[in-house]
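Enquirer: You'll find entry.pdb just under this line, and it carries PDB, C-alpha atoms.
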```pdb
ATOM      1  CA  MET Z   1       4.072  -2.753  33.852
ATOM      2  CA  PRO Z   2       3.500  -5.035  36.866
ATOM      3  CA  SER Z   3       5.751  -7.952  35.857
ATOM      4  CA  LYS Z   4       9.194  -7.429  37.417
ATOM      5  CA  SER Z   5      11.046  -8.738  34.373
ATOM      6  CA  GLY Z   6      10.563  -9.241  30.681
ATOM      7  CA  LEU Z   7      10.856  -7.438  27.359
ATOM      8  CA  PRO Z   8       7.746  -6.326  25.423
ATOM      9  CA  THR Z   9       8.138  -6.981  21.689
ATOM     10  CA  ALA Z  10       4.565  -6.822  20.337
ATOM     11  CA  THR Z  11       1.473  -4.654  20.831
ATOM     12  CA  ASP Z  12      -2.266  -4.733  20.178
ATOM     13  CA  HIS Z  13      -2.059  -0.949  19.542
ATOM     14  CA  GLN Z  14      -4.603  -0.423  22.314
ATOM     15  CA  GLY Z  15      -2.292  -0.263  25.324
ATOM     16  CA  GLY Z  16      -1.677  -4.011  25.490
ATOM     17  CA  PHE Z  17       1.713  -5.609  24.902
ATOM     18  CA  ALA Z  18       3.255  -9.061  24.648
ATOM     19  CA  GLY Z  19       6.805 -10.341  24.925
ATOM     20  CA  THR Z  20       8.870 -12.768  26.948
ATOM     21  CA  ALA Z  21      10.115 -13.072  30.526
ATOM     22  CA  GLY Z  22      11.939 -15.523  32.733
ATOM     23  CA  THR Z  23       9.656 -17.618  34.960
ATOM     24  CA  ALA Z  24      10.011 -20.567  37.325
ATOM     25  CA  ASP Z  25       9.366 -22.752  34.271
ATOM     26  CA  GLY Z  26      11.997 -21.025  32.141
ATOM     27  CA  GLN Z  27      11.570 -18.330  29.531
ATOM     28  CA  ARG Z  28       7.905 -17.966  28.518
ATOM     29  CA  PRO Z  29       5.660 -15.700  26.431
ATOM     30  CA  ILE Z  30       3.976 -12.953  28.482
ATOM     31  CA  ALA Z  31       1.014 -10.641  27.862
ATOM     32  CA  TRP Z  32       0.479  -7.295  29.607
ATOM     33  CA  LYS Z  33      -2.985  -5.680  29.582
ATOM     34  CA  ASN Z  34      -4.936  -3.274  31.805
ATOM     35  CA  GLY Z  35      -2.315  -3.150  34.546
ATOM     36  CA  ALA Z  36      -1.874  -6.922  34.825
ATOM     37  CA  TYR Z  37       0.257  -9.585  33.179
ATOM     38  CA  SER Z  38      -0.301 -13.227  32.340
ATOM     39  CA  VAL Z  39       2.094 -16.053  31.517
ATOM     40  CA  LEU Z  40       1.014 -17.802  28.331
ATOM     41  CA  PRO Z  41       1.069 -21.596  28.030
ATOM     42  CA  GLY Z  42       4.112 -23.123  26.362
ATOM     43  CA  LEU Z  43       4.534 -25.743  23.661
ATOM     44  CA  GLY Z  44       6.777 -28.078  25.643
ATOM     45  CA  PRO Z  45      10.028 -28.287  27.620
ATOM     46  CA  LEU Z  46      13.393 -26.726  26.750
ATOM     47  CA  ARG Z  47      11.862 -24.102  24.475
ATOM     48  CA  THR Z  48      12.713 -20.438  24.155
ATOM     49  CA  TYR Z  49      10.242 -18.012  22.639
ATOM     50  CA  ASP Z  50      10.288 -15.010  20.351
ATOM     51  CA  VAL Z  51       7.028 -13.032  20.363
ATOM     52  CA  ALA Z  52       6.773 -11.291  16.991
ATOM     53  CA  ASP Z  53       3.375  -9.590  16.806
ATOM     54  CA  GLU Z  54      -0.106  -9.111  18.254
ATOM     55  CA  ASN Z  55      -3.275  -7.856  16.582
ATOM     56  CA  ARG Z  56      -6.120  -5.768  17.974
ATOM     57  CA  ALA Z  57      -8.081  -8.910  18.865
ATOM     58  CA  GLY Z  58      -5.239  -9.948  21.180
ATOM     59  CA  THR Z  59      -4.013 -12.862  19.066
ATOM     60  CA  ILE Z  60      -0.263 -13.300  19.563
ATOM     61  CA  VAL Z  61       2.166 -14.970  17.155
ATOM     62  CA  GLY Z  62       5.824 -15.858  17.311
ATOM     63  CA  THR Z  63       8.363 -18.642  17.243
ATOM     64  CA  ALA Z  64       9.312 -21.375  19.729
ATOM     65  CA  GLN Z  65      12.791 -22.852  19.443
ATOM     66  CA  VAL Z  66      14.714 -25.780  20.908
ATOM     67  CA  ASN Z  67      18.502 -26.107  20.833
ATOM     68  CA  TYR Z  68      19.666 -29.046  22.928
ATOM     69  CA  LEU Z  69      22.607 -31.442  22.563
ATOM     70  CA  GLY Z  70      22.892 -30.830  18.842
ATOM     71  CA  PHE Z  71      19.144 -31.014  18.215
ATOM     72  CA  SER Z  72      17.337 -27.919  16.973
ATOM     73  CA  ALA Z  73      13.714 -27.182  16.143
ATOM     74  CA  SER Z  74      11.754 -24.063  15.237
ATOM     75  CA  THR Z  75       7.970 -23.830  15.382
ATOM     76  CA  ALA Z  76       5.653 -20.964  14.482
ATOM     77  CA  PHE Z  77       2.885 -20.490  17.048
ATOM     78  CA  ARG Z  78      -0.384 -18.648  17.553
ATOM     79  CA  TYR Z  79      -1.926 -17.853  20.938
ATOM     80  CA  ARG Z  80      -5.663 -17.147  20.788
ATOM     81  CA  ASP Z  81      -8.478 -17.332  23.345
ATOM     82  CA  GLY Z  82      -6.273 -19.016  25.932
ATOM     83  CA  VAL Z  83      -4.935 -21.683  23.580
ATOM     84  CA  MET Z  84      -1.359 -21.962  22.299
ATOM     85  CA  GLU Z  85      -1.143 -23.826  18.986
ATOM     86  CA  GLU Z  86       1.560 -24.806  16.535
ATOM     87  CA  LEU Z  87       1.142 -23.571  12.957
ATOM     88  CA  PRO Z  88       1.586 -26.112  10.143
ATOM     89  CA  LYS Z  89       4.726 -26.265   8.022
ATOM     90  CA  LEU Z  90       4.813 -26.353   4.235
ATOM     91  CA  GLY Z  91       5.790 -29.483   2.318
ATOM     92  CA  ASN Z  92       9.126 -30.967   3.347
ATOM     93  CA  ASN Z  93      10.218 -27.917   5.312
ATOM     94  CA  THR Z  94      10.982 -28.899   8.896
ATOM     95  CA  LYS Z  95      11.159 -25.472  10.546
ATOM     96  CA  ALA Z  96       8.901 -22.420  10.674
ATOM     97  CA  ALA Z  97       8.781 -18.914  12.146
ATOM     98  CA  ALA Z  98       5.994 -16.322  12.372
ATOM     99  CA  LEU Z  99       6.689 -12.650  11.592
ATOM    100  CA  GLY Z 100       3.355 -10.880  11.925
ATOM    101  CA  ILE Z 101      -0.424 -11.031  12.145
ATOM    102  CA  ASN Z 102      -2.898  -8.474  10.824
ATOM    103  CA  ASP Z 103      -6.268  -7.515  12.245
ATOM    104  CA  ALA Z 104      -8.000  -9.955   9.882
ATOM    105  CA  GLY Z 105      -6.035 -12.760  11.551
ATOM    106  CA  ASP Z 106      -3.793 -13.591   8.582
ATOM    107  CA  ILE Z 107      -0.320 -14.641   9.746
ATOM    108  CA  THR Z 108       2.829 -14.202   7.663
ATOM    109  CA  GLY Z 109       6.109 -15.984   8.301
ATOM    110  CA  PHE Z 110       8.576 -18.319   6.673
ATOM    111  CA  VAL Z 111       9.589 -21.977   6.559
ATOM    112  CA  TRP Z 112      12.876 -23.695   5.801
ATOM    113  CA  ASP Z 113      14.862 -26.898   5.889
ATOM    114  CA  ASP Z 114      18.474 -26.861   7.042
ATOM    115  CA  GLY Z 115      19.553 -29.031   4.131
ATOM    116  CA  SER Z 116      18.501 -26.627   1.359
ATOM    117  CA  GLY Z 117      19.672 -23.365   2.899
ATOM    118  CA  LEU Z 118      16.599 -21.635   1.422
ATOM    119  CA  THR Z 119      13.609 -20.016   3.113
ATOM    120  CA  THR Z 120      10.100 -19.688   1.715
ATOM    121  CA  VAL Z 121       7.761 -16.875   2.754
ATOM    122  CA  VAL Z 122       4.345 -18.274   3.681
ATOM    123  CA  ARG Z 123       0.954 -17.178   4.927
ATOM    124  CA  TRP Z 124      -1.422 -18.901   7.314
ATOM    125  CA  PRO Z 125      -4.770 -17.424   6.144
ATOM    126  CA  ALA Z 126      -7.456 -16.834   8.762
ATOM    127  CA  ALA Z 127     -10.165 -17.817   6.275
ATOM    128  CA  GLN Z 128      -8.578 -21.248   5.760
ATOM    129  CA  PRO Z 129      -7.750 -22.634   9.216
ATOM    130  CA  GLY Z 130      -5.057 -25.288   9.317
ATOM    131  CA  THR Z 131      -3.591 -24.371   5.934
ATOM    132  CA  VAL Z 132      -0.370 -22.696   4.821
ATOM    133  CA  THR Z 133       0.207 -21.082   1.420
ATOM    134  CA  THR Z 134       3.091 -19.543  -0.522
ATOM    135  CA  LEU Z 135       3.018 -15.977  -1.857
ATOM    136  CA  PRO Z 136       3.060 -15.493  -5.647
ATOM    137  CA  GLY Z 137       6.273 -13.987  -6.958
ATOM    138  CA  LEU Z 138       8.328 -14.855  -3.870
ATOM    139  CA  ALA Z 139      10.515 -17.830  -4.734
ATOM    140  CA  PRO Z 140      12.599 -19.581  -2.044
ATOM    141  CA  HIS Z 141      15.662 -17.505  -1.210
ATOM    142  CA  ALA Z 142      18.830 -17.666   0.879
ATOM    143  CA  THR Z 143      17.740 -14.682   3.012
ATOM    144  CA  ARG Z 144      14.873 -14.532   5.466
ATOM    145  CA  PRO Z 145      12.086 -11.937   5.210
ATOM    146  CA  GLU Z 146      12.584  -8.873   7.400
ATOM    147  CA  ALA Z 147       9.075  -7.697   8.380
ATOM    148  CA  VAL Z 148       5.403  -7.652   7.356
ATOM    149  CA  ASP Z 149       2.910  -4.763   7.113
ATOM    150  CA  GLU Z 150      -0.790  -4.718   8.037
ATOM    151  CA  ASP Z 151      -1.856  -5.037   4.373
ATOM    152  CA  GLY Z 152       0.215  -8.203   3.951
ATOM    153  CA  SER Z 153       3.174  -6.563   2.217
ATOM    154  CA  VAL Z 154       6.459  -8.288   3.045
ATOM    155  CA  LEU Z 155       9.859  -6.649   3.405
ATOM    156  CA  VAL Z 156      12.621  -8.816   1.953
ATOM    157  CA  LEU Z 157      16.384  -8.608   1.530
ATOM    158  CA  ARG Z 158      17.744  -9.485  -1.891
ATOM    159  CA  ASP Z 159      21.182  -9.285  -3.522
ATOM    160  CA  SER Z 160      20.262  -5.807  -4.769
ATOM    161  CA  GLY Z 161      19.150  -4.616  -1.316
ATOM    162  CA  LEU Z 162      15.886  -4.177   0.570
ATOM    163  CA  ALA Z 163      12.646  -4.576  -1.362
ATOM    164  CA  VAL Z 164       8.901  -4.758  -0.711
ATOM    165  CA  TRP Z 165       6.697  -7.575  -1.985
ATOM    166  CA  ARG Z 166       3.125  -6.369  -2.419
ATOM    167  CA  ALA Z 167       0.366  -8.354  -4.148
ATOM    168  CA  GLY Z 168       2.783 -10.330  -6.301
ATOM    169  CA  THR Z 169       5.134  -7.493  -7.257
ATOM    170  CA  ILE Z 170       8.583  -6.775  -5.780
ATOM    171  CA  THR Z 171       9.665  -3.113  -5.593
ATOM    172  CA  GLN Z 172      13.166  -2.061  -4.621
ATOM    173  CA  LEU Z 173      13.575   0.432  -1.770
ATOM    174  CA  GLY Z 174      15.637   3.515  -2.490
ATOM    175  CA  THR Z 175      19.179   4.202  -1.398
ATOM    176  CA  LEU Z 176      21.583   7.134  -1.041
ATOM    177  CA  PRO Z 177      25.169   7.749  -2.156
ATOM    178  CA  GLY Z 178      27.395   6.436   0.637
ATOM    179  CA  LEU Z 179      24.669   4.192   2.122
ATOM    180  CA  ARG Z 180      25.541   0.500   2.439
ATOM    181  CA  THR Z 181      24.627  -2.714   4.302
ATOM    182  CA  ALA Z 182      21.067  -1.530   4.920
ATOM    183  CA  ARG Z 183      18.881  -3.757   7.081
ATOM    184  CA  ALA Z 184      15.300  -3.275   8.210
ATOM    185  CA  ASN Z 185      13.863  -3.392  11.733
ATOM    186  CA  ALA Z 186      10.165  -2.543  11.266
ATOM    187  CA  PHE Z 187       7.502  -1.967   8.589
ATOM    188  CA  SER Z 188       4.218  -0.091   9.146
ATOM    189  CA  ASN Z 189       1.724   1.642   6.828
ATOM    190  CA  GLY Z 190       4.151   1.458   3.926
ATOM    191  CA  ARG Z 191       7.004   3.020   5.892
ATOM    192  CA  VAL Z 192      10.209   1.209   6.867
ATOM    193  CA  VAL Z 193      12.840   1.896   9.505
ATOM    194  CA  GLY Z 194      16.167   0.160   9.932
ATOM    195  CA  ASN Z 195      19.894   0.724  10.034
ATOM    196  CA  ALA Z 196      22.841   1.053   7.682
ATOM    197  CA  VAL Z 197      26.332   2.425   7.350
ATOM    198  CA  TYR Z 198      26.338   5.930   5.861
ATOM    199  CA  ASN Z 199      29.685   7.492   4.968
ATOM    200  CA  ASP Z 200      31.326   5.074   7.450
ATOM    201  CA  LYS Z 201      28.965   5.990  10.312
ATOM    202  CA  LYS Z 202      26.389   3.577  11.743
ATOM    203  CA  VAL Z 203      22.988   5.271  11.437
ATOM    204  CA  GLY Z 204      19.256   4.713  11.510
ATOM    205  CA  VAL Z 205      17.450   4.931   8.166
ATOM    206  CA  TYR Z 206      13.823   5.762   7.355
ATOM    207  CA  TRP Z 207      12.140   4.860   4.061
ATOM    208  CA  ASP Z 208       8.975   6.862   3.319
ATOM    209  CA  GLN Z 209       5.830   5.558   1.604
ATOM    210  CA  GLN Z 210       7.389   6.237  -1.790
ATOM    211  CA  GLY Z 211      10.409   4.099  -0.859
ATOM    212  CA  ALA Z 212      12.882   6.991  -0.626
ATOM    213  CA  ALA Z 213      15.667   6.606   1.960
ATOM    214  CA  HIS Z 214      16.418   9.227   4.631
ATOM    215  CA  VAL Z 215      19.167   9.082   7.254
ATOM    216  CA  LEU Z 216      17.696   9.704  10.720
ATOM    217  CA  PRO Z 217      19.459  12.737  12.217
ATOM    218  CA  ASN Z 218      21.352  12.136  15.490
ATOM    219  CA  SER Z 219      20.932   8.351  15.148
ATOM    220  CA  SER Z 220      23.238   5.390  15.710
ATOM    221  CA  TYR Z 221      23.122   1.652  16.328
ATOM    222  CA  ASN Z 222      25.293  -1.152  17.646
ATOM    223  CA  LEU Z 223      24.581  -4.723  16.599
ATOM    224  CA  SER Z 224      27.078  -6.139  19.107
ATOM    225  CA  ASN Z 225      24.580  -5.831  21.959
ATOM    226  CA  THR Z 226      21.072  -7.224  22.145
ATOM    227  CA  ASN Z 227      19.257  -3.977  22.941
ATOM    228  CA  PRO Z 228      16.217  -3.212  20.740
ATOM    229  CA  GLY Z 229      16.684  -1.545  17.369
ATOM    230  CA  PHE Z 230      14.445   0.954  15.616
ATOM    231  CA  ASP Z 231      10.652   0.689  15.596
ATOM    232  CA  ILE Z 232       7.881   2.607  13.796
ATOM    233  CA  ASN Z 233       4.092   2.907  14.084
ATOM    234  CA  ARG Z 234       1.515   3.570  11.373
ATOM    235  CA  ASP Z 235       1.814   7.360  11.778
ATOM    236  CA  GLY Z 236       5.567   7.276  11.209
ATOM    237  CA  LEU Z 237       6.539   7.794  14.857
ATOM    238  CA  ILE Z 238       9.961   6.181  15.344
ATOM    239  CA  THR Z 239      12.009   5.124  18.360
ATOM    240  CA  GLY Z 240      15.650   4.093  18.171
ATOM    241  CA  ARG Z 241      19.250   4.653  19.221
ATOM    242  CA  ILE Z 242      20.883   8.093  19.296
ATOM    243  CA  ASP Z 243      24.557   8.766  18.600
ATOM    244  CA  GLU Z 244      27.207   9.597  21.187
ATOM    245  CA  ALA Z 245      27.280  13.263  20.170
ATOM    246  CA  HIS Z 246      23.722  13.517  21.514
ATOM    247  CA  GLY Z 247      24.152  11.429  24.670
ATOM    248  CA  GLY Z 248      24.008   7.863  23.417
ATOM    249  CA  ASN Z 249      26.465   5.135  24.379
ATOM    250  CA  ASP Z 250      27.358   2.764  21.561
ATOM    251  CA  ASN Z 251      29.124   0.259  23.818
ATOM    252  CA  SER Z 252      26.230  -0.198  26.244
ATOM    253  CA  GLY Z 253      23.521   0.376  23.635
ATOM    254  CA  THR Z 254      21.772   3.030  25.730
ATOM    255  CA  GLY Z 255      20.409   6.405  24.710
ATOM    256  CA  TYR Z 256      17.244   6.440  22.589
ATOM    257  CA  GLY Z 257      15.379   9.113  20.670
ATOM    258  CA  VAL Z 258      12.102   9.839  18.898
ATOM    259  CA  TRP Z 259      11.595  10.838  15.249
ATOM    260  CA  LYS Z 260       8.446  11.604  13.228
ATOM    261  CA  GLN Z 261       8.536  10.539   9.580
ATOM    262  CA  GLY Z 262      12.285  10.962   9.508
ATOM    263  CA  ALA Z 263      12.515  14.281  11.392
ATOM    264  CA  TRP Z 264      14.151  14.506  14.817
ATOM    265  CA  VAL Z 265      11.729  15.109  17.719
ATOM    266  CA  SER Z 266      13.499  14.576  21.055
ATOM    267  CA  ASN Z 267      15.394  12.238  23.343
ATOM    268  CA  PHE Z 268      13.350   9.348  24.718
ATOM    269  CA  GLY Z 269      12.919   9.401  28.510
ATOM    270  CA  ASP Z 270      16.090   9.051  30.555
ATOM    271  CA  ILE Z 271      18.799   8.335  27.978
ATOM    272  CA  LYS Z 272      20.857   6.341  30.495
ATOM    273  CA  LEU Z 273      18.065   4.195  31.932
ATOM    274  CA  ASP Z 274      15.164   3.864  29.463
ATOM    275  CA  ILE Z 275      15.114   1.485  26.491
ATOM    276  CA  PRO Z 276      11.993   1.446  24.267
ATOM    277  CA  SER Z 277      11.304  -1.784  22.406
ATOM    278  CA  ARG Z 278       7.832  -1.450  20.801
ATOM    279  CA  ILE Z 279       5.655   1.508  19.826
ATOM    280  CA  GLY Z 280       1.915   1.178  19.231
ATOM    281  CA  ASP Z 281      -0.310   3.008  16.777
ATOM    282  CA  ASP Z 282      -1.922   4.700  19.798
ATOM    283  CA  GLY Z 283       1.418   6.325  20.703
ATOM    284  CA  THR Z 284       2.012   4.041  23.676
ATOM    285  CA  VAL Z 285       5.585   2.768  23.956
ATOM    286  CA  ALA Z 286       6.727  -0.278  25.924
ATOM    287  CA  GLY Z 287      10.252  -1.142  26.909
ATOM    288  CA  VAL Z 288      12.453  -1.489  29.976
ATOM    289  CA  ARG Z 289      14.011   0.785  32.599
ATOM    290  CA  MET Z 290      17.234  -0.014  34.446
ATOM    291  CA  ASP Z 291      17.165   0.303  38.254
ATOM    292  CA  ALA Z 292      20.008   1.189  40.652
ATOM    293  CA  GLU Z 293      21.186  -2.442  40.630
ATOM    294  CA  ARG Z 294      21.327  -2.426  36.810
ATOM    295  CA  ILE Z 295      18.335  -4.740  36.536
ATOM    296  CA  PHE Z 296      15.846  -4.017  33.747
ATOM    297  CA  HIS Z 297      12.102  -3.861  34.447
ATOM    298  CA  PRO Z 298       9.290  -3.560  31.864
ATOM    299  CA  TYR Z 299       7.757  -0.082  31.596
ATOM    300  CA  VAL Z 300       5.232   1.725  29.432
ATOM    301  CA  TRP Z 301       5.306   5.349  28.255
ATOM    302  CA  ARG Z 302       2.949   7.514  26.211
ATOM    303  CA  CYS Z 303       4.294   9.822  23.519
ATOM    304  CA  SER Z 304       2.430  13.124  23.351
TER     305      SER Z 304
END
```
Using structure tokens, write down the structure from this file.

Expert:
Amino acid sequence: MPSKSGLPTATDHQGGFAGTAGTADGQRPIAWKNGAYSVLPGLGPLRTYDVADENRAGTIVGTAQVNYLGFSASTAFRYRDGVMEELPKLGNNTKAAALGINDAGDITGFVWDDGSGLTTVVRWPAAQPGTVTTLPGLAPHATRPEAVDEDGSVLVLRDSGLAVWRAGTITQLGTLPGLRTARANAFSNGRVVGNAVYNDKKVGVYWDQQGAAHVLPNSSYNLSNTNPGFDINRDGLITGRIDEAHGGNDNSGTGYGVWKQGAWVSNFGDIKLDIPSRIGDDGTVAGVRMDAERIFHPYVWRCS
């Protein structure tokens, strides 16, 4: 990728990616497409950005945040046709975040107010511009939603563990004896990937389309660093951390691998230098590569 810095975190599944990078104006959202990159307009000063998703039309969604001298704000945004816009909040909620957008243009995210301690999952429907709606069967909760699928299903964390909301019904994801503290990283085509502790080892976990849990062989994770976690595309191709027995480094968070629907495939690139962050449905993977001066640069790979 031509930009010398930045981390891709979203894809249009057609070779295009979006993410964030440092610029002369501070951290900004970035889009990479056809060998070029563009800096997207911001929503105002002092903001940092989290780019969550991009659809095949190139619409990008995410969250802009301000934390300054005790003041904090969180705004869900949509970038479309050269225009960056703030998405409306629901009722008395003062903060919002966007999680995903599907190819129909429907955006899913959540809103909250610091006073209540509860978050509400919401949708900004493409067919009703300027509106925000709640999802039936998803009451406000103390935990935030984890991820959203193309069909609008939402992955949530409840007291009983991970569950999927789909068309008004909540279905619990499966577990395994010895599996605890499961969290999700990504959700695609009914499949989920995340991490957990399994028999006292930190591992990656894959949930198939029936909701059954599978420990990813040779996997690991370390939440103490900010390196990307596990990701999955609609075909079940997975990228994520490998354990130290297979060349990973838990302290530095380096060493990544590839799995297909829960089965081990191979190491990813150079396990000391390459860090994948987002995999598209076309098999294209974006991430960063570390140079000799230990500076990370955005790169793109194709899985074959």

Enquirer: Within 12 Å of Z:Pro177, counting only C-alpha atoms, which residues show up once you throw out same-chain ones fewer than 6 positions away? Write them as a list of chain:residue names, please.

Expert: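 Once the nearby chain positions are removed, what remains is Z:Val197, Z:Tyr198, Z:Asn199, Z:Asp200, Z:Ala213, Z:His214, Z:Val215.
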
Enquirer: Select all residues near (0.3, 0.4, 13.1) (cut-off 6 Å, inclusive, file coordinates), counting all atoms listed in the file, and output them as a ChimeraX atom specification.

Expert: /Z:188,233-234,281

Enquirer: Can you pull out the residues contacting stretch 289-300 of chain Z? Cut-off 12 Å, using only C-alpha atoms, and skip same-chain residues under 2 positions away; I want them as a PDB file with C-alpha atoms, in the frame of the given file.

Expert:
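Writing the result to out_21.pdb gives the following:
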```pdb
ATOM      1  CA  MET Z   1       4.072  -2.753  33.852  1.00  0.00           C
ATOM      2  CA  PRO Z   2       3.500  -5.035  36.866  1.00  0.00           C
ATOM      3  CA  SER Z   3       5.751  -7.952  35.857  1.00  0.00           C
ATOM      4  CA  LYS Z   4       9.194  -7.429  37.417  1.00  0.00           C
ATOM      5  CA  SER Z   5      11.046  -8.738  34.373  1.00  0.00           C
ATOM      6  CA  GLY Z   6      10.563  -9.241  30.681  1.00  0.00           C
ATOM      7  CA  LEU Z   7      10.856  -7.438  27.359  1.00  0.00           C
ATOM      8  CA  PRO Z   8       7.746  -6.326  25.423  1.00  0.00           C
ATOM      9  CA  THR Z   9       8.138  -6.981  21.689  1.00  0.00           C
ATOM     10  CA  THR Z  11       1.473  -4.654  20.831  1.00  0.00           C
ATOM     11  CA  GLY Z  15      -2.292  -0.263  25.324  1.00  0.00           C
ATOM     12  CA  GLY Z  16      -1.677  -4.011  25.490  1.00  0.00           C
ATOM     13  CA  PHE Z  17       1.713  -5.609  24.902  1.00  0.00           C
ATOM     14  CA  ALA Z  18       3.255  -9.061  24.648  1.00  0.00           C
ATOM     15  CA  GLY Z  19       6.805 -10.341  24.925  1.00  0.00           C
ATOM     16  CA  THR Z  20       8.870 -12.768  26.948  1.00  0.00           C
ATOM     17  CA  ALA Z  21      10.115 -13.072  30.526  1.00  0.00           C
ATOM     18  CA  GLY Z  22      11.939 -15.523  32.733  1.00  0.00           C
ATOM     19  CA  ILE Z  30       3.976 -12.953  28.482  1.00  0.00           C
ATOM     20  CA  ALA Z  31       1.014 -10.641  27.862  1.00  0.00           C
ATOM     21  CA  TRP Z  32       0.479  -7.295  29.607  1.00  0.00           C
ATOM     22  CA  LYS Z  33      -2.985  -5.680  29.582  1.00  0.00           C
ATOM     23  CA  ASN Z  34      -4.936  -3.274  31.805  1.00  0.00           C
ATOM     24  CA  GLY Z  35      -2.315  -3.150  34.546  1.00  0.00           C
ATOM     25  CA  TYR Z  37       0.257  -9.585  33.179  1.00  0.00           C
ATOM     26  CA  ASN Z 227      19.257  -3.977  22.941  1.00  0.00           C
ATOM     27  CA  SER Z 252      26.230  -0.198  26.244  1.00  0.00           C
ATOM     28  CA  THR Z 254      21.772   3.030  25.730  1.00  0.00           C
ATOM     29  CA  GLY Z 255      20.409   6.405  24.710  1.00  0.00           C
ATOM     30  CA  TYR Z 256      17.244   6.440  22.589  1.00  0.00           C
ATOM     31  CA  PHE Z 268      13.350   9.348  24.718  1.00  0.00           C
ATOM     32  CA  GLY Z 269      12.919   9.401  28.510  1.00  0.00           C
ATOM     33  CA  ASP Z 270      16.090   9.051  30.555  1.00  0.00           C
ATOM     34  CA  ILE Z 271      18.799   8.335  27.978  1.00  0.00           C
ATOM     35  CA  LYS Z 272      20.857   6.341  30.495  1.00  0.00           C
ATOM     36  CA  LEU Z 273      18.065   4.195  31.932  1.00  0.00           C
ATOM     37  CA  ASP Z 274      15.164   3.864  29.463  1.00  0.00           C
ATOM     38  CA  ILE Z 275      15.114   1.485  26.491  1.00  0.00           C
ATOM     39  CA  PRO Z 276      11.993   1.446  24.267  1.00  0.00           C
ATOM     40  CA  SER Z 277      11.304  -1.784  22.406  1.00  0.00           C
ATOM     41  CA  ARG Z 278       7.832  -1.450  20.801  1.00  0.00           C
ATOM     42  CA  ILE Z 279       5.655   1.508  19.826  1.00  0.00           C
ATOM     43  CA  GLY Z 280       1.915   1.178  19.231  1.00  0.00           C
ATOM     44  CA  GLY Z 283       1.418   6.325  20.703  1.00  0.00           C
ATOM     45  CA  THR Z 284       2.012   4.041  23.676  1.00  0.00           C
ATOM     46  CA  VAL Z 285       5.585   2.768  23.956  1.00  0.00           C
ATOM     47  CA  ALA Z 286       6.727  -0.278  25.924  1.00  0.00           C
ATOM     48  CA  GLY Z 287      10.252  -1.142  26.909  1.00  0.00           C
ATOM     49  CA  ARG Z 302       2.949   7.514  26.211  1.00  0.00           C
ATOM     50  CA  CYS Z 303       4.294   9.822  23.519  1.00  0.00           C
TER      51      CYS Z 303
END
```

Enquirer: Using only C-alpha atoms, which of Z:Glu146, Z:Lys95, Z:Gly109, Z:Leu173 sits nearest Z:Ser72?

Expert: Z:Lys95

Enquirer: Which residues are near Z:Gly100? Cut-off 7 Å, only C-alpha atoms, ignore same chain within fewer than 2 positions. Put them as a list in words.

Expert: Ala52, Asp53, Val61, Ala98, Asn102, Ile107, Thr108, Gly109 and Val148 of chain Z

Enquirer: Tell me which residues come within 6 Å of (9.7, 1.4, 16.9), as a list in words, counting only C-alpha atoms in the file's coordinates.

Expert: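 The requested residues, written out, are Phe230, Asp231, Ile232, Ile238, Thr239, Arg278 and Ile279 of chain Z.
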